[in-house]
$ cat target-v4.cif   # mmCIF, C-alpha atoms and all ligand atoms
data_entry
loop_
_atom_site.label_atom_id
_atom_site.label_comp_id
_atom_site.auth_asym_id
_atom_site.auth_seq_id
_atom_site.Cartn_x
_atom_site.Cartn_y
_atom_site.Cartn_z
CA MET A 699 0.00 0.00 0.00
CA LYS A 700 1.02 3.60 -0.58
CA LEU A 701 0.15 6.76 1.32
CA ASN A 702 0.04 9.85 -0.86
CA LEU A 703 0.02 13.14 1.05
CA LEU A 704 0.90 15.41 -1.88
CA GLY A 705 -2.61 16.89 -1.83
CA LEU A 706 -1.97 18.43 1.60
CA ALA A 707 0.94 20.69 0.63
CA GLU A 708 -1.18 23.78 0.02
CA PHE A 709 -3.16 23.32 3.26
CA ILE A 710 -0.77 22.28 6.03
CA ASP A 711 2.80 21.36 6.90
CA TYR A 712 2.35 17.97 8.54
CA GLU A 713 6.10 17.36 8.79
CA GLN A 714 6.20 19.77 11.74
CA PHE A 715 4.79 16.83 13.74
CA ALA A 716 7.21 14.23 12.35
CA VAL A 717 9.43 14.00 15.43
CA THR A 718 6.49 13.89 17.83
CA ALA A 719 4.66 11.25 15.79
CA VAL A 720 7.76 9.02 15.77
CA GLU A 721 8.08 9.52 19.55
CA LYS A 722 4.44 8.55 20.07
CA ASN A 723 5.02 5.44 17.94
CA LYS A 724 7.95 4.55 20.23
CA MET A 725 5.70 5.01 23.26
CA LEU A 726 3.35 2.38 21.85
CA HIS A 727 6.25 -0.06 21.58
CA GLN A 728 7.67 0.81 25.00
CA GLY A 729 4.28 0.78 26.72
CA SER A 730 4.98 4.15 28.28
CA GLY A 731 1.71 5.92 27.37
CA ALA A 732 -1.89 5.94 28.59
CA GLY A 733 -3.83 2.67 28.35
CA ASN A 734 -0.63 0.64 28.22
CA ASP A 735 -2.38 -2.49 29.46
CA PHE A 736 -4.19 -2.63 26.08
CA LEU A 737 -1.21 -2.75 23.75
CA GLY A 738 -1.40 -6.44 22.86
CA TRP A 739 -2.36 -5.50 19.27
CA VAL A 740 1.05 -3.89 18.60
CA ASP A 741 2.80 -7.24 18.00
CA LEU A 742 -0.37 -9.23 17.36
CA PRO A 743 0.50 -10.18 13.75
CA GLN A 744 3.47 -12.15 15.12
CA ARG A 745 1.34 -13.93 17.74
CA ALA A 746 -1.48 -14.47 15.24
CA LYS A 747 0.90 -16.33 12.92
CA GLU A 748 1.59 -18.80 15.70
CA GLU A 749 -2.13 -19.29 16.34
CA LEU A 750 -3.09 -19.83 12.68
CA PRO A 751 -2.65 -23.64 12.44
CA HIS A 752 -4.92 -24.24 15.44
CA ILE A 753 -7.58 -21.80 14.19
CA ILE A 754 -7.56 -23.34 10.72
CA GLU A 755 -7.78 -26.88 12.09
CA VAL A 756 -10.74 -26.13 14.40
CA SER A 757 -12.53 -24.06 11.74
CA LYS A 758 -12.28 -26.86 9.15
CA ARG A 759 -13.78 -29.30 11.62
CA PHE A 760 -16.53 -26.92 12.81
CA ARG A 761 -17.76 -25.83 9.39
CA LYS A 762 -17.83 -29.35 7.96
CA ASN A 763 -21.36 -30.09 6.70
CA LEU A 764 -22.74 -26.71 7.83
CA ASP A 765 -24.32 -24.64 5.08
CA CYS A 766 -24.85 -21.59 7.23
CA ILE A 767 -23.10 -20.03 10.25
CA VAL A 768 -24.59 -17.22 12.33
CA VAL A 769 -21.91 -14.97 13.80
CA ILE A 770 -23.18 -13.15 16.89
CA GLY A 771 -21.33 -10.04 18.10
CA ILE A 772 -21.35 -6.24 18.09
CA GLY A 773 -18.81 -3.41 17.81
CA GLY A 774 -15.27 -4.70 17.86
CA SER A 775 -16.59 -8.25 18.06
CA TYR A 776 -18.29 -7.91 14.66
CA LEU A 777 -17.04 -5.04 12.48
CA GLY A 778 -13.69 -6.53 11.39
CA THR A 779 -15.26 -9.76 10.16
CA LYS A 780 -18.02 -7.87 8.37
CA ALA A 781 -15.44 -5.57 6.74
CA VAL A 782 -13.42 -8.45 5.29
CA LEU A 783 -16.46 -10.39 4.11
CA THR A 784 -18.04 -7.39 2.39
CA ALA A 785 -14.71 -6.56 0.77
CA LEU A 786 -13.80 -10.01 -0.47
CA ARG A 787 -17.03 -11.89 -1.01
CA SER A 788 -18.34 -9.21 -3.35
CA GLN A 789 -15.50 -9.93 -5.75
CA ILE A 790 -14.40 -13.45 -4.92
CA PRO A 791 -17.63 -15.45 -4.76
CA MET A 792 -17.78 -18.18 -2.14
CA THR A 793 -17.16 -21.74 -3.28
CA THR A 794 -19.82 -24.37 -2.81
CA GLU A 795 -18.00 -25.64 0.30
CA ASP A 796 -18.02 -22.21 1.96
CA PRO A 797 -20.90 -21.75 4.37
CA GLU A 798 -23.09 -18.70 4.18
CA ILE A 799 -22.23 -16.26 6.98
CA LEU A 800 -25.07 -14.34 8.60
CA PHE A 801 -24.86 -11.86 11.46
CA ALA A 802 -26.98 -11.46 14.58
CA GLY A 803 -26.85 -9.49 17.81
CA HIS A 804 -25.29 -6.44 16.13
CA HIS A 805 -28.49 -4.46 16.82
CA LEU A 806 -31.85 -5.00 18.50
CA SER A 807 -34.19 -5.10 15.51
CA GLN A 808 -36.97 -7.58 16.25
CA GLU A 809 -37.96 -7.70 12.56
CA TYR A 810 -34.44 -8.61 11.42
CA HIS A 811 -34.03 -11.35 14.00
CA THR A 812 -37.51 -12.79 13.37
CA GLN A 813 -36.72 -13.13 9.66
CA LEU A 814 -33.35 -14.65 10.46
CA PHE A 815 -34.83 -17.28 12.79
CA SER A 816 -37.41 -18.21 10.18
CA TYR A 817 -34.74 -18.46 7.41
CA LEU A 818 -32.61 -20.77 9.57
CA LYS A 819 -35.41 -23.33 10.04
CA SER A 820 -34.61 -24.98 6.69
CA LYS A 821 -30.83 -24.71 7.11
CA ASN A 822 -28.09 -26.90 8.49
CA TRP A 823 -26.59 -24.23 10.69
CA GLY A 824 -24.36 -23.40 13.64
CA ILE A 825 -23.48 -20.43 15.87
CA VAL A 826 -20.30 -18.50 16.58
CA ILE A 827 -20.86 -16.28 19.61
CA ILE A 828 -18.27 -13.57 20.17
CA SER A 829 -18.20 -11.35 23.23
CA LYS A 830 -15.18 -10.34 25.23
CA SER A 831 -17.16 -9.25 28.26
CA GLY A 832 -19.73 -11.97 27.75
CA THR A 833 -22.39 -9.60 29.04
CA THR A 834 -23.15 -7.23 26.15
CA THR A 835 -26.94 -6.99 25.84
CA GLU A 836 -27.39 -7.17 22.05
CA PRO A 837 -25.37 -10.37 21.41
CA ALA A 838 -26.55 -11.95 24.69
CA ILE A 839 -30.22 -11.58 23.66
CA ALA A 840 -29.57 -12.90 20.14
CA PHE A 841 -27.64 -15.85 21.56
CA ARG A 842 -30.43 -16.76 23.96
CA PHE A 843 -32.94 -16.92 21.08
CA LEU A 844 -30.62 -18.66 18.63
CA ARG A 845 -29.40 -21.23 21.12
CA THR A 846 -33.00 -22.13 21.94
CA SER A 847 -33.80 -22.52 18.22
CA LEU A 848 -30.70 -24.64 17.68
CA ILE A 849 -31.63 -26.96 20.56
CA GLN A 850 -35.20 -27.25 19.25
CA GLN A 851 -33.97 -28.08 15.75
CA PHE A 852 -31.05 -30.40 16.52
CA GLY A 853 -31.43 -31.50 20.17
CA LEU A 854 -29.30 -30.58 23.19
CA GLU A 855 -26.33 -32.88 22.53
CA GLU A 856 -26.02 -32.11 18.83
CA SER A 857 -26.45 -28.36 19.42
CA ARG A 858 -23.37 -28.37 21.66
CA GLN A 859 -21.26 -29.38 18.65
CA ARG A 860 -22.78 -26.53 16.65
CA ILE A 861 -21.79 -23.70 18.99
CA LEU A 862 -18.36 -22.12 19.08
CA ALA A 863 -17.62 -19.34 21.56
CA ILE A 864 -14.94 -16.65 21.50
CA THR A 865 -14.61 -14.84 24.80
CA ASP A 866 -12.43 -13.95 27.78
CA ALA A 867 -10.21 -16.68 29.22
CA LYS A 868 -11.78 -16.60 32.68
CA ARG A 869 -14.36 -13.87 33.20
CA GLY A 870 -17.96 -13.34 32.11
CA ALA A 871 -21.23 -15.17 31.67
CA LEU A 872 -20.21 -16.61 28.31
CA ARG A 873 -17.08 -18.25 29.72
CA SER A 874 -19.19 -19.82 32.49
CA LEU A 875 -21.61 -21.17 29.87
CA VAL A 876 -18.71 -22.56 27.82
CA ASN A 877 -17.43 -24.35 30.90
CA THR A 878 -20.86 -25.75 31.76
CA GLU A 879 -21.88 -26.81 28.25
CA GLY A 880 -18.45 -27.83 26.96
CA TYR A 881 -18.57 -25.67 23.81
CA GLU A 882 -15.49 -25.39 21.64
CA SER A 883 -13.94 -22.01 22.47
CA PHE A 884 -11.20 -19.50 21.75
CA VAL A 885 -9.76 -16.84 24.03
CA ILE A 886 -9.70 -13.08 23.40
CA PRO A 887 -6.45 -11.81 24.91
CA ASP A 888 -6.82 -9.52 27.94
CA ASP A 889 -4.54 -6.89 26.45
CA VAL A 890 -6.44 -6.35 23.18
CA GLY A 891 -9.54 -4.11 23.13
CA GLY A 892 -12.54 -4.91 20.90
CA ARG A 893 -11.76 -2.46 18.11
CA PHE A 894 -8.18 -3.74 17.82
CA SER A 895 -9.18 -7.40 17.83
CA ILE A 896 -9.50 -8.31 14.13
CA LEU A 897 -6.30 -10.39 14.26
CA THR A 898 -7.34 -12.31 17.38
CA PRO A 899 -9.79 -15.26 17.16
CA VAL A 900 -12.54 -12.58 17.11
CA GLY A 901 -11.84 -11.96 13.42
CA LEU A 902 -9.70 -14.90 12.41
CA VAL A 903 -12.09 -17.70 13.43
CA PRO A 904 -15.23 -16.48 11.60
CA LEU A 905 -13.13 -15.52 8.59
CA ALA A 906 -11.50 -18.96 8.48
CA LEU A 907 -15.00 -20.47 8.72
CA ALA A 908 -16.03 -18.33 5.76
CA GLY A 909 -13.12 -19.66 3.70
CA ILE A 910 -11.03 -16.46 3.73
CA ASP A 911 -7.25 -16.84 3.47
CA ILE A 912 -6.47 -15.70 7.02
CA GLY A 913 -2.77 -16.50 6.50
CA ALA A 914 -2.63 -13.77 3.83
CA LEU A 915 -4.58 -11.36 6.07
CA VAL A 916 -2.11 -11.85 8.93
CA GLN A 917 0.88 -11.62 6.57
CA GLY A 918 -0.35 -8.25 5.28
CA ALA A 919 -0.66 -6.97 8.83
CA TYR A 920 2.74 -8.45 9.70
CA ASN A 921 4.43 -6.59 6.84
CA GLN A 922 2.82 -3.35 7.95
CA MET A 923 3.93 -4.01 11.54
CA GLU A 924 7.51 -4.46 10.31
CA ASN A 925 7.23 -1.22 8.34
CA SER A 926 6.22 0.83 11.37
CA ASN A 927 8.35 -0.51 14.18
CA ALA A 928 9.84 1.53 17.02
CA ASP A 929 12.88 2.57 14.97
CA THR A 930 11.25 3.18 11.59
CA PRO A 931 12.04 6.74 10.45
CA PHE A 932 9.12 9.07 9.71
CA LYS A 933 9.71 8.98 5.93
CA GLN A 934 9.15 5.22 5.90
CA ASN A 935 6.49 5.01 8.62
CA LEU A 936 3.15 5.42 6.85
CA SER A 937 1.13 5.20 10.05
CA ALA A 938 3.16 8.00 11.66
CA GLN A 939 2.76 10.12 8.52
CA TYR A 940 -1.00 9.62 8.41
CA ALA A 941 -1.30 10.41 12.14
CA ALA A 942 0.84 13.55 11.77
CA ALA A 943 -1.19 14.71 8.77
CA ARG A 944 -4.51 14.20 10.56
CA TYR A 945 -3.22 16.02 13.62
CA ALA A 946 -1.97 18.95 11.54
CA LEU A 947 -5.37 19.16 9.82
CA TYR A 948 -7.20 18.97 13.16
CA LYS A 949 -5.07 21.83 14.49
CA GLU A 950 -6.19 23.87 11.46
CA GLY A 951 -9.86 23.34 12.33
CA LYS A 952 -10.54 20.30 10.16
CA GLY A 953 -12.58 18.36 12.69
CA ILE A 954 -14.28 15.89 10.34
CA GLU A 955 -12.56 13.21 8.30
CA ILE A 956 -14.44 11.50 5.50
CA LEU A 957 -13.16 8.10 4.47
CA SER A 958 -14.19 7.72 0.86
CA ASN A 959 -14.03 4.84 -1.55
CA PHE A 960 -14.95 4.30 -5.18
CA ASN A 961 -15.86 0.66 -4.65
CA PRO A 962 -18.71 -0.29 -2.30
CA ALA A 963 -16.77 -3.44 -1.38
CA LEU A 964 -14.96 -1.09 1.02
CA HIS A 965 -18.16 0.10 2.71
CA ASP A 966 -17.65 -1.98 5.84
CA VAL A 967 -13.93 -1.26 6.04
CA ALA A 968 -15.12 2.31 6.64
CA GLU A 969 -17.56 1.09 9.32
CA TRP A 970 -14.68 -0.72 11.06
CA TRP A 971 -12.48 2.40 10.71
CA LYS A 972 -15.21 4.62 12.20
CA GLN A 973 -15.30 2.52 15.37
CA LEU A 974 -11.51 2.41 15.55
CA PHE A 975 -11.02 6.17 15.36
CA GLY A 976 -14.32 7.27 16.87
CA GLU A 977 -14.03 5.23 20.05
CA SER A 978 -10.30 5.82 20.37
CA GLU A 979 -10.12 9.58 19.83
CA GLY A 980 -13.52 10.96 20.74
CA LYS A 981 -13.02 11.86 24.39
CA ASP A 982 -12.25 14.81 26.66
CA GLN A 983 -14.08 17.00 24.10
CA LYS A 984 -11.38 16.20 21.53
CA GLY A 985 -11.04 14.15 18.37
CA ILE A 986 -11.76 14.12 14.67
CA PHE A 987 -15.28 12.94 13.81
CA PRO A 988 -14.96 9.94 11.47
CA ALA A 989 -17.48 9.85 8.64
CA SER A 990 -17.60 7.87 5.41
CA VAL A 991 -19.03 7.89 1.90
CA ASP A 992 -19.30 5.32 -0.89
CA LEU A 993 -18.61 7.05 -4.19
CA THR A 994 -19.75 7.71 -6.77
CA THR A 995 -23.10 6.71 -5.14
CA ASP A 996 -22.98 9.32 -2.40
CA LEU A 997 -21.90 12.12 -4.74
CA HIS A 998 -25.59 12.16 -5.58
CA SER A 999 -26.52 12.77 -1.95
CA MET A 1000 -23.51 14.05 0.02
CA GLY A 1001 -21.56 15.53 -2.90
CA GLN A 1002 -23.03 19.00 -2.52
CA PHE A 1003 -22.03 19.30 1.14
CA ILE A 1004 -18.55 17.92 0.62
CA GLN A 1005 -17.97 20.34 -2.26
CA ASP A 1006 -19.56 23.42 -0.81
CA GLY A 1007 -20.79 23.11 2.78
CA THR A 1008 -19.09 24.10 6.06
CA ARG A 1009 -15.35 23.90 5.46
CA GLN A 1010 -14.32 21.66 8.33
CA LEU A 1011 -13.76 18.51 6.30
CA PHE A 1012 -10.83 16.61 5.00
CA GLU A 1013 -11.05 13.45 2.93
CA THR A 1014 -9.07 10.22 3.00
CA ALA A 1015 -9.69 8.25 -0.18
CA ILE A 1016 -8.93 4.54 -0.43
CA LEU A 1017 -8.17 3.86 -4.08
CA ILE A 1018 -7.83 0.41 -5.64
CA GLU A 1019 -5.56 0.31 -8.67
CA LYS A 1020 -6.53 -3.01 -10.25
CA SER A 1021 -9.98 -4.39 -10.86
CA GLU A 1022 -10.56 -8.15 -10.85
CA SER A 1023 -12.85 -8.03 -13.91
CA ASP A 1024 -13.40 -6.10 -17.13
CA LEU A 1025 -16.66 -4.68 -18.47
CA ILE A 1026 -15.97 -3.02 -21.82
CA LEU A 1027 -18.44 -0.57 -23.37
CA LYS A 1028 -19.28 -1.43 -26.99
CA GLU A 1029 -20.15 0.96 -29.81
CA GLN A 1030 -23.85 1.00 -30.81
CA ASP A 1031 -25.34 2.10 -34.13
CA SER A 1032 -27.80 4.42 -32.54
CA ASP A 1033 -25.94 6.52 -30.00
CA LEU A 1034 -29.06 7.71 -28.24
CA ASP A 1035 -27.42 7.55 -24.81
CA GLN A 1036 -24.40 9.41 -26.26
CA LEU A 1037 -21.92 6.97 -24.82
CA ASN A 1038 -20.17 5.91 -28.04
CA TYR A 1039 -17.24 8.18 -27.15
CA LEU A 1040 -16.49 5.66 -24.40
CA SER A 1041 -16.52 2.56 -26.61
CA GLY A 1042 -13.58 0.32 -25.92
CA LYS A 1043 -13.27 1.70 -22.39
CA SER A 1044 -14.03 -0.34 -19.29
CA MET A 1045 -16.41 0.61 -16.48
CA ASP A 1046 -13.40 0.64 -14.19
CA TYR A 1047 -11.69 3.21 -16.46
CA VAL A 1048 -14.77 5.44 -16.20
CA ASN A 1049 -14.80 4.95 -12.40
CA LYS A 1050 -11.13 5.95 -12.17
CA GLN A 1051 -11.71 9.15 -14.17
CA ALA A 1052 -14.70 9.87 -11.91
CA ALA A 1053 -12.46 9.37 -8.88
CA GLU A 1054 -9.72 11.68 -10.15
CA GLY A 1055 -12.25 14.31 -11.19
CA THR A 1056 -14.01 14.12 -7.83
CA LEU A 1057 -10.87 14.38 -5.72
CA LEU A 1058 -9.66 17.32 -7.78
CA ALA A 1059 -13.02 19.06 -7.38
CA HIS A 1060 -12.99 18.45 -3.63
CA LYS A 1061 -9.47 19.85 -3.37
CA ASP A 1062 -10.63 22.93 -5.31
CA GLY A 1063 -13.45 23.17 -2.79
CA GLU A 1064 -10.81 23.37 -0.04
CA VAL A 1065 -11.12 19.80 1.12
CA PRO A 1066 -7.59 18.51 1.77
CA ILE A 1067 -7.11 15.04 0.28
CA ILE A 1068 -5.14 12.10 1.66
CA ARG A 1069 -4.82 9.14 -0.72
CA ILE A 1070 -4.34 5.54 0.37
CA GLU A 1071 -3.51 3.54 -2.75
CA ILE A 1072 -3.66 -0.23 -2.84
CA GLU A 1073 -2.84 -2.39 -5.82
CA LYS A 1074 -5.84 -4.69 -5.47
CA LEU A 1075 -8.37 -5.78 -2.93
CA SER A 1076 -7.24 -9.00 -1.23
CA ALA A 1077 -6.90 -10.56 2.21
CA PHE A 1078 -3.26 -9.44 2.19
CA THR A 1079 -3.97 -5.78 1.39
CA LEU A 1080 -6.80 -5.71 3.93
CA GLY A 1081 -4.35 -6.97 6.54
CA GLU A 1082 -2.00 -4.12 5.63
CA ILE A 1083 -4.82 -1.58 5.87
CA PHE A 1084 -6.04 -2.83 9.26
CA TYR A 1085 -2.64 -2.67 10.89
CA PHE A 1086 -1.78 0.63 9.21
CA PHE A 1087 -4.92 2.25 10.65
CA GLU A 1088 -4.55 0.65 14.09
CA LYS A 1089 -1.00 1.94 14.43
CA ALA A 1090 -1.97 5.38 13.15
CA CYS A 1091 -4.86 5.43 15.61
CA GLY A 1092 -2.60 4.69 18.58
CA ILE A 1093 -0.16 7.43 17.52
CA SER A 1094 -3.03 9.81 16.85
CA GLY A 1095 -4.57 9.27 20.28
CA TYR A 1096 -1.26 10.08 21.92
CA LEU A 1097 -0.85 13.20 19.75
CA LEU A 1098 -4.27 14.33 20.98
CA GLU A 1099 -3.26 13.46 24.54
CA VAL A 1100 -6.17 11.11 25.14
CA ASN A 1101 -6.15 7.47 26.17
CA PRO A 1102 -6.94 5.81 22.84
CA PHE A 1103 -7.63 2.43 24.42
CA ASP A 1104 -10.61 3.05 26.71
CA GLN A 1105 -14.24 3.93 25.90
CA PRO A 1106 -15.87 5.35 29.05
CA GLY A 1107 -18.51 7.20 26.99
CA VAL A 1108 -20.03 3.94 25.72
CA GLU A 1109 -21.36 3.20 29.21
CA ALA A 1110 -23.77 6.17 29.29
CA TYR A 1111 -26.42 4.64 27.00
CA LYS A 1112 -26.08 1.27 28.71
CA LYS A 1113 -26.78 2.79 32.15
CA ASN A 1114 -29.95 4.49 30.88
CA MET A 1115 -31.09 1.39 29.01
CA PHE A 1116 -30.58 -0.86 32.06
CA ALA A 1117 -32.44 1.66 34.24
CA LEU A 1118 -35.37 1.73 31.77
CA LEU A 1119 -35.38 -2.06 31.53
CA GLY A 1120 -35.41 -2.36 35.33
CA LYS A 1121 -32.20 -4.40 35.53
CA PRO A 1122 -31.43 -5.45 39.14
CA GLY A 1123 -28.80 -3.15 40.62
CA PHE A 1124 -30.05 -0.08 38.70
CA GLU A 1125 -33.00 0.84 41.00
CA GLU A 1126 -31.71 4.35 41.80
CA GLU A 1127 -31.06 5.14 38.13
CA THR A 1128 -34.54 3.83 37.26
CA LYS A 1129 -36.15 6.37 39.61
CA THR A 1130 -34.10 9.26 38.24
CA ILE A 1131 -34.55 8.41 34.59
CA LYS A 1132 -38.32 7.89 34.91
CA SER A 1133 -38.71 11.33 36.47
CA ARG A 1134 -36.59 12.83 33.69
CA LEU A 1135 -38.67 11.19 30.98
CA SER A 1136 -42.08 12.12 32.42
O1 LIG B 1201 -14.46 -1.45 21.32
C1 LIG B 1201 -15.10 -2.00 22.17
O2 LIG B 1201 -14.56 -2.46 23.18
C2 LIG B 1201 -16.60 -2.20 22.04
O3 LIG B 1201 -17.12 -1.66 20.89
C3 LIG B 1201 -16.88 -3.68 22.06
O4 LIG B 1201 -16.17 -4.29 21.02
C4 LIG B 1201 -18.35 -4.02 21.91
O5 LIG B 1201 -19.09 -3.31 22.83
C5 LIG B 1201 -18.57 -5.51 22.10
O6 LIG B 1201 -18.15 -5.90 23.38
P1 LIG B 1201 -18.07 -7.43 23.82
O7 LIG B 1201 -17.11 -8.10 22.92
O8 LIG B 1201 -17.59 -7.39 25.23
O9 LIG B 1201 -19.44 -8.01 23.70
#
$ encode --input "target-v4.cif" --output "structure tokens"
Amino acid sequence: MKLNLLGLAEFIDYEQFAVTAVEKNKMLHQGSGAGNDFLGWVDLPQRAKEELPHIIEVSKRFRKNLDCIVVIGIGGSYLGTKAVLTALRSQIPMTTEDPEILFAGHHLSQEYHTQLFSYLKSKNWGIVIISKSGTTTEPAIAFRFLRTSLIQQFGLEESRQRILAITDAKRGALRSLVNTEGYESFVIPDDVGGRFSILTPVGLVPLALAGIDIGALVQGAYNQMENSNADTPFKQNLSAQYAAARYALYKEGKGIEILSNFNPALHDVAEWWKQLFGESEGKDQKGIFPASVDLTTDLHSMGQFIQDGTRQLFETAILIEKSESDLILKEQDSDLDQLNYLSGKSMDYVNKQAAEGTLLAHKDGEVPIIRIEIEKLSAFTLGEIFYFFEKACGISGYLLEVNPFDQPGVEAYKKNMFALLGKPGFEEETKTIKSRLS
């Protein structure tokens, strides 16, 4: 992958933060900054390599004969898997041996889950439940329903072979259930937070079940780890450069970053990225708000604002150089749609001109542009991208002087929800919230 910051020259001098960004990168390696008990992701690609044979062996066994697997999880226990599957399954169709992967417990929609349960009735299916805490409401509710359905459909004994759990080594309700029921399980390391967990069993197990080349994913991340180690100079450290550029833009009042793509296969990479940066940076009234657009689609909805609205935006575009297929426009006798001037050109060629034209227009509209260029979309390049962003996020959090590895703000909605639901232990909050709502 390449990081192209040439489009920033007329807006900011990001190199003024080069020394500091390299120092912050060192802090991540030395464990000398805030949240240093959650730095297990820094050398995770190395540890993941060692875990691969076991994950692949268990996954092969578990998915055998299943035509559908429901992956239950939310936030960091869901977004990485979804990102890879959206990216790769849209262009590399699954083989007949690959099970269909469906998601549950990533929201509380009754309609969605009702339809899912009904769809599963005619399927030969299993469950992967992922929750580090083992107590998150959304996945816990989905698991309760799905486990009951599985037992009804296949019986208690058989259902035990169809459930795989990924959770904390010792703590939480899910670990207790694993111990009682004897489910196959994997451990989420203590020192890796949810949004940094794609290279732990959280991401690797469901992706292996889906038939994704997790070895290539880990290798991509590994290469990026090697390219941004404690001693890598700024000029070679893409994560440090991206973090410095974002920080320089933030200091100039650019408080919103839009991650754009010109291929909807990257839609969920942006969703993963939004959690990574949003939960890591957005605290103490600081941080860049992470937003995303799929282009050219959203040019027809968000294009006006990006071009001409409040000037507090900058854009990071992920651009894919090579397309896996070719759709060539052919000349037609009647040129009623006036497209004959494009005959012989591919749809991807048109998309690339649209991309260049769009980014130039945005720059003219005073939107600074960062370009992340990847040769093609693959498990390997996704691995590079994930580690690149994770490292940049850690550096960025330290530049902002926040703890990038906690998420105290996430608890606020949970407290109110538990109070409204009348959860035992929340009696005081229930009284207060009811009086506030009436
Ligand atoms: O980043 C985080 O820690 C959160 O978004 C969690 O990933 C999310 O809440 C899911 O938590 P758990 O895996 O404990 O169910």
$ residues_near_ligand --input "target-v4.cif" --ligand "ligand LIG 1201 (chain B)" --cutoff "10 Å" --atoms "all atoms listed in the file" --output "count of residues only"
46
$ closest_residue --input "target-v4.cif" --among "A:Ser1133, A:Thr794, A:Asn822, A:Gln1010" --to "A:Ser857" --atoms "all atoms listed in the file"
A:Asn822
$ closest_residue --input "target-v4.cif" --among "A:Ile1083, A:Val1065, A:Val756, A:Cys766" --to "A:Ala781" --atoms "only C-alpha atoms"
A:Ile1083
$ closest_residue --input "target-v4.cif" --among "A:Val740, A:Asn921, A:Ser926, A:Glu1099" --to "A:Lys981" --atoms "all atoms listed in the file"
A:Glu1099
$ residues_around --input "target-v4.cif" --residues "A:Ala1015" --least-positions-apart "5" --cutoff "7 Å" --atoms "only C-alpha atoms" --output "ChimeraX atom specification"
/A:957-959,1068-1070
$ axis_aligned_box --input "target-v4.cif" --around "stretch 1102-1119 of chain A" --padding-each-side "4 Å" --output "JSON"
{"center_x": -21.2, "center_y": 2.6, "center_z": 28.5, "size_x": 36.4, "size_y": 17.3, "size_z": 19.4}
$ residues_near_point --input "target-v4.cif" --point "(-24.1, -19.3, 1.4)" --cutoff "10 Å" --atoms "all atoms listed in the file" --output "list in words"
Leu764, Asp765, Cys766, Ile767, Pro791, Met792, Thr793, Thr794, Glu795, Asp796, Pro797, Glu798, Ile799, Leu800 and Ala908 of chain A
$ closest_residue --input "target-v4.cif" --among "A:Phe815, A:Tyr810, A:Tyr920, A:Phe841" --to "A:Ala746" --atoms "all atoms listed in the file"
A:Tyr920
$ atom_distance --input "target-v4.cif" --atom1 "atom CA of A:Asp1024" --atom2 "atom CA of A:Asn702"
26.5 Å
$ atom_distance --input "target-v4.cif" --atom1 "atom CA of A:Lys819" --atom2 "atom CA of A:Thr878"
26.3 Å
$ closest_residue --input "target-v4.cif" --among "A:Lys1061, A:Leu701, A:Asp996, A:Glu1022" --to "A:Arg1009" --atoms "all atoms listed in the file"
A:Lys1061
$ closest_residue --input "target-v4.cif" --among "A:Lys758, A:His1060, A:Lys952, A:Lys933" --to "A:Gln1005" --atoms "only C-alpha atoms"
A:His1060
$ atom_distance --input "target-v4.cif" --atom1 "atom CA of A:Ser1094" --atom2 "atom CA of A:Ile710"
16.7 Å
$ residues_around --input "target-v4.cif" --residues "A:Asn935" --least-positions-apart "3" --cutoff "10 Å" --atoms "only C-alpha atoms" --output "compact mmCIF listing (two decimals) with C-alpha atoms, in the coordinates of the input"
# COMPACT_ATOMS: atom_id res chain seq x y z
CA LEU A 701 0.15 6.76 1.32
CA ALA A 716 7.21 14.23 12.35
CA ALA A 719 4.66 11.25 15.79
CA VAL A 720 7.76 9.02 15.77
CA ASN A 723 5.02 5.44 17.94
CA GLN A 922 2.82 -3.35 7.95
CA MET A 923 3.93 -4.01 11.54
CA GLU A 924 7.51 -4.46 10.31
CA ASN A 925 7.23 -1.22 8.34
CA SER A 926 6.22 0.83 11.37
CA ASN A 927 8.35 -0.51 14.18
CA ALA A 928 9.84 1.53 17.02
CA ASP A 929 12.88 2.57 14.97
CA THR A 930 11.25 3.18 11.59
CA PRO A 931 12.04 6.74 10.45
CA PHE A 932 9.12 9.07 9.71
CA ALA A 938 3.16 8.00 11.66
CA GLN A 939 2.76 10.12 8.52
CA TYR A 940 -1.00 9.62 8.41
CA PHE A 1086 -1.78 0.63 9.21
CA LYS A 1089 -1.00 1.94 14.43
CA ALA A 1090 -1.97 5.38 13.15
$ residues_near_point --input "target-v4.cif" --point "(-36.8, -16.2, 15.7)" --cutoff "12 Å" --atoms "all atoms listed in the file" --output "compact mmCIF listing (two decimals) with C-alpha atoms, keeping the file's coordinate frame"
# COMPACT_ATOMS: atom_id res chain seq x y z
CA ALA A 802 -26.98 -11.46 14.58
CA SER A 807 -34.19 -5.10 15.51
CA GLN A 808 -36.97 -7.58 16.25
CA GLU A 809 -37.96 -7.70 12.56
CA TYR A 810 -34.44 -8.61 11.42
CA HIS A 811 -34.03 -11.35 14.00
CA THR A 812 -37.51 -12.79 13.37
CA GLN A 813 -36.72 -13.13 9.66
CA LEU A 814 -33.35 -14.65 10.46
CA PHE A 815 -34.83 -17.28 12.79
CA SER A 816 -37.41 -18.21 10.18
CA TYR A 817 -34.74 -18.46 7.41
CA LEU A 818 -32.61 -20.77 9.57
CA LYS A 819 -35.41 -23.33 10.04
CA ILE A 839 -30.22 -11.58 23.66
CA ALA A 840 -29.57 -12.90 20.14
CA PHE A 841 -27.64 -15.85 21.56
CA ARG A 842 -30.43 -16.76 23.96
CA PHE A 843 -32.94 -16.92 21.08
CA LEU A 844 -30.62 -18.66 18.63
CA ARG A 845 -29.40 -21.23 21.12
CA THR A 846 -33.00 -22.13 21.94
CA SER A 847 -33.80 -22.52 18.22
CA LEU A 848 -30.70 -24.64 17.68
CA GLN A 850 -35.20 -27.25 19.25
